[in-house]
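File shown: entry-v9.cif. Contents: mmCIF, C-alpha atoms.
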data_structure
#
loop_
_atom_site.label_atom_id
_atom_site.label_comp_id
_atom_site.auth_asym_id
_atom_site.auth_seq_id
_atom_site.Cartn_x
_atom_site.Cartn_y
_atom_site.Cartn_z
CA MET A 1 14.13 18.54 15.01
CA LEU A 2 16.86 17.98 17.59
CA ILE A 3 17.21 14.23 17.12
CA ARG A 4 18.01 13.52 13.49
CA ARG A 5 16.53 10.71 11.42
CA ASP A 6 19.15 8.01 11.35
CA ARG A 7 19.64 4.27 11.84
CA ALA A 8 18.03 4.34 15.28
CA MET A 9 14.79 5.88 14.01
CA VAL A 10 14.69 3.55 11.02
CA ALA A 11 15.24 0.54 13.31
CA VAL A 12 12.36 1.58 15.58
CA THR A 13 10.14 2.06 12.50
CA ILE A 14 11.11 -1.36 11.12
CA MET A 15 10.32 -3.05 14.45
CA LEU A 16 7.01 -1.20 14.68
CA ASP A 17 6.11 -2.24 11.13
CA VAL A 18 6.80 -5.90 11.94
CA ALA A 19 4.78 -5.66 15.16
CA PHE A 20 1.91 -3.87 13.42
CA HIS A 21 1.69 -6.10 10.34
CA GLY A 22 2.86 -9.46 11.68
CA GLY A 23 3.64 -9.70 15.37
CA ARG A 24 5.03 -13.00 16.65
CA THR A 25 2.99 -15.29 14.43
CA ALA A 26 2.77 -13.91 10.89
CA THR A 27 5.83 -12.94 8.89
CA VAL A 28 6.42 -9.63 7.15
CA SER A 29 8.49 -9.61 3.97
CA ALA A 30 11.36 -7.18 3.62
CA ALA A 31 9.99 -6.12 0.22
CA ASP A 32 6.57 -5.23 1.66
CA MET A 33 8.21 -3.39 4.54
CA ALA A 34 10.48 -1.42 2.19
CA GLU A 35 7.48 -0.43 0.07
CA ARG A 36 5.44 0.75 3.07
CA LEU A 37 8.38 2.70 4.51
CA GLY A 38 9.47 4.18 1.18
CA MET A 39 12.96 2.75 1.52
CA ALA A 40 15.25 0.63 -0.61
CA ARG A 41 15.28 -2.98 0.53
CA ARG A 42 19.07 -3.04 0.22
CA GLY A 43 19.33 -0.19 2.70
CA MET A 44 17.19 -2.02 5.27
CA GLU A 45 18.95 -5.39 5.09
CA PRO A 46 21.88 -4.54 7.40
CA LEU A 47 19.45 -3.32 10.08
CA LEU A 48 17.21 -6.37 9.66
CA GLN A 49 20.23 -8.64 10.05
CA ALA A 50 21.46 -6.78 13.14
CA LEU A 51 18.00 -6.90 14.74
CA SER A 52 17.80 -10.63 13.97
CA ARG A 53 21.25 -11.34 15.43
CA ALA A 54 20.20 -9.50 18.60
CA GLY A 55 17.10 -11.71 18.93
CA LEU A 56 14.65 -8.86 18.46
CA LEU A 57 13.49 -10.30 15.13
CA ASP A 58 13.21 -13.88 13.90
CA SER A 59 14.12 -14.45 10.27
CA VAL A 60 12.01 -17.09 8.52
CA ARG A 61 13.13 -18.58 5.21
CA GLY A 62 10.96 -19.98 2.47
CA PRO A 63 8.14 -18.89 0.19
CA ARG A 64 6.12 -17.44 3.10
CA GLY A 65 9.26 -16.23 4.83
CA GLY A 66 10.11 -12.83 6.20
CA TYR A 67 10.50 -11.39 9.67
CA ARG A 68 8.50 -11.65 12.87
CA LEU A 69 9.10 -10.44 16.41
CA GLY A 70 11.63 -12.47 18.36
CA ARG A 71 9.92 -11.77 21.68
CA PRO A 72 6.52 -10.49 22.84
CA ARG A 73 6.07 -6.83 21.92
CA ARG A 74 5.56 -5.87 25.57
CA ASP A 75 9.08 -7.19 26.30
CA ILE A 76 10.91 -5.23 23.58
CA ARG A 77 12.07 -1.83 24.82
CA LEU A 78 12.84 0.94 22.37
CA SER A 79 16.22 1.40 24.08
CA GLU A 80 17.18 -2.15 23.03
CA ILE A 81 16.30 -1.41 19.41
CA VAL A 82 18.29 1.84 19.45
CA ASP A 83 21.30 0.14 21.07
CA VAL A 84 21.39 -2.49 18.31
CA ALA A 85 21.06 0.15 15.57
CA VAL A 86 23.69 2.47 17.02
CA ALA A 87 26.17 -0.37 17.63
CA GLY A 88 26.11 -1.22 13.92
CA GLY A 89 26.22 2.35 12.62
CA ALA A 90 29.02 4.65 11.67
CA ALA A 91 30.46 7.14 14.13
CA GLU A 92 28.51 10.36 14.36
CA VAL A 93 29.76 13.89 14.72
CA GLY A 94 30.80 14.42 18.33
CA ASP A 95 31.81 10.76 18.79
CA GLY A 96 35.45 11.48 18.11
CA ALA A 97 34.73 11.95 14.40
CA ASP A 98 35.40 15.15 12.49
CA GLY A 99 33.31 17.33 14.78
CA PRO A 100 33.85 20.65 16.48
CA VAL A 101 36.64 20.94 19.03
CA GLY A 102 37.73 23.56 21.50
CA PRO A 103 36.84 24.57 25.05
CA LEU A 104 33.25 25.64 24.32
CA GLN A 105 32.53 22.33 22.63
CA VAL A 106 34.28 20.22 25.28
CA ASP A 107 33.17 22.11 28.40
CA VAL A 108 29.65 23.23 27.41
CA VAL A 109 28.15 21.52 24.37
CA ASP A 110 29.43 17.96 24.96
CA PRO A 111 28.10 17.80 28.56
CA LEU A 112 24.77 19.28 27.39
CA TRP A 113 24.49 16.61 24.68
CA ALA A 114 25.33 13.92 27.24
CA GLU A 115 22.42 15.15 29.42
CA ILE A 116 20.05 15.19 26.45
CA ASP A 117 21.22 11.73 25.42
CA ALA A 118 20.66 10.37 28.94
CA ALA A 119 17.14 11.83 29.04
CA ALA A 120 16.32 10.35 25.63
CA ARG A 121 17.69 6.94 26.62
CA SER A 122 15.65 7.03 29.82
CA GLN A 123 12.48 7.73 27.84
CA LEU A 124 13.32 5.02 25.30
CA GLY A 125 13.89 2.57 28.16
CA ALA A 126 10.42 3.29 29.51
CA LEU A 127 8.65 2.58 26.19
CA THR A 128 7.95 -0.77 24.52
CA LEU A 129 6.68 -1.77 21.09
CA ASP A 130 3.34 -2.43 22.77
CA ASP A 131 3.22 1.25 23.81
CA LEU A 132 3.82 2.32 20.20
CA LEU A 133 1.06 0.01 18.95
CA LYS A 134 -1.30 1.64 21.45
CA ARG A 135 -0.29 5.03 20.06
CA ALA A 136 -0.98 3.77 16.54
CA ALA A 137 -4.46 2.66 17.60
CA ALA A 138 -5.07 6.01 19.30
CA ALA A 139 -4.06 7.73 16.04
CA GLY A 140 -6.75 5.74 14.23
CA LEU A 141 -4.44 3.31 12.44
CA ARG A 142 -5.99 -0.12 11.98
CA ARG A 143 -4.02 -3.31 11.75
CA PRO A 144 -4.66 -5.11 8.47
CA ALA A 145 -6.93 -8.12 8.57
CA ALA A 146 -5.33 -11.38 7.51
CA GLU A 147 -6.07 -12.24 3.91
CA PRO A 148 -8.11 -15.43 3.59
CA ILE A 149 -6.32 -18.29 1.90
CA SER A 150 -7.71 -18.96 -1.55
CA PHE A 151 -7.61 -22.51 -2.89
CA ALA A 152 -8.88 -21.51 -6.35
CA ILE A 153 -6.65 -22.32 -9.27
#
Could you quickly redo this structure as structure tokens?
Amino acid sequence: MLIRRDRAMVAVTIMLDVAFHGGRTATVSAADMAERLGMARRGMEPLLQALSRAGLLDSVRGPRGGYRLGRPRRDIRLSEIVDVAVAGGAAEVGDGADGPVGPLQVDVVDPLWAEIDAAARSQLGALTLDDLLKRAAAAGLRRPAAEPISFAI
């Protein structure tokens, strides 16, 4: 796979999970999200905080607290999610870090990667969370029904 699994992919998956399981009204707990995604909650917290600071998620405190979308899903572009995730991440190889150097890298590979990056960003800018939810429905995934509130003691 050309694009590696990193903070950007995890951020998109987190946002999709919140949209799928909660949306703008219900909250999704970080613990439930971590369990569904097979991740450690500690590892997700920095991304959740960054997405909240950017206004993409709302953080709700309290016993029924968790996260919900900060804006309608049709208004959240994948490029915004990726920008937030990448801004908070460590430098990657090729970003001035300990990557390859030399004329082939600088004159051939770096410009190629810039073209690929521009194409990927263009595609991400054209897609919203709503588009991903439509893909989930087309794949046969069903959103969970809300659990009825039980007043039994």
task: For Met9 (chain A), work out the shell of residues within 12 Å, counting all atoms listed in the file and skipping chain neighbours fewer than 4 positions away, then give it as a PyMOL selection string.
output: chain A and resi 3-5+13-16+37+47+78-79+81-86+124
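In this model, the gap between CA of Arg143 (chain A) and CA of Ala40 (chain A) comes to 23.2 Å.
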task: Specify as a PyMOL selection string each residue included when the PyMOL selection byres ((chain A and resi 21) around 12) is applied to this file.
output: chain A and resi 13-20+22-30+32-33+36+66-69+133+136+141-147
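Each of A:Ala87, A:Leu51, A:Val109, A:Met39 was compared to Arg71 (chain A) using all atoms listed in the file, and A:Leu51 turns out to be the nearest.
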query: Rounded to one decimal in Å, what is the spacing between CA of Leu57 (chain A) and CA of Gly38 (chain A)?
result: 20.5 Å
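Put simply, CA of Gln123 (chain A) is 21.9 Å away from CA of Gly55 (chain A).
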message: Taking all atoms listed in the file into account, name the residue in A:Ala34, A:Leu129, A:Val108, A:Leu48 that is nearest to Pro72 (chain A).
response: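 That would be A:Leu129, the residue with the smallest distance to Pro72 (chain A).
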field: Residue nearest Thr128 (chain A) - candidates A:Arg61, A:Glu45, A:Ala31, A:Val12, atoms counted: all atoms listed in the file
entry: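 That would be A:Val12, the residue with the smallest distance to Thr128 (chain A).
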Per-axis box centre and lengths in Å around region 60-64 of chain A, 8 Å margin per side, axis-aligned, as AutoDock Vina command-line options:
--center_x 9.6 --center_y -18.5 --center_z 4.4 --size_x 23.0 --size_y 18.9 --size_z 24.3
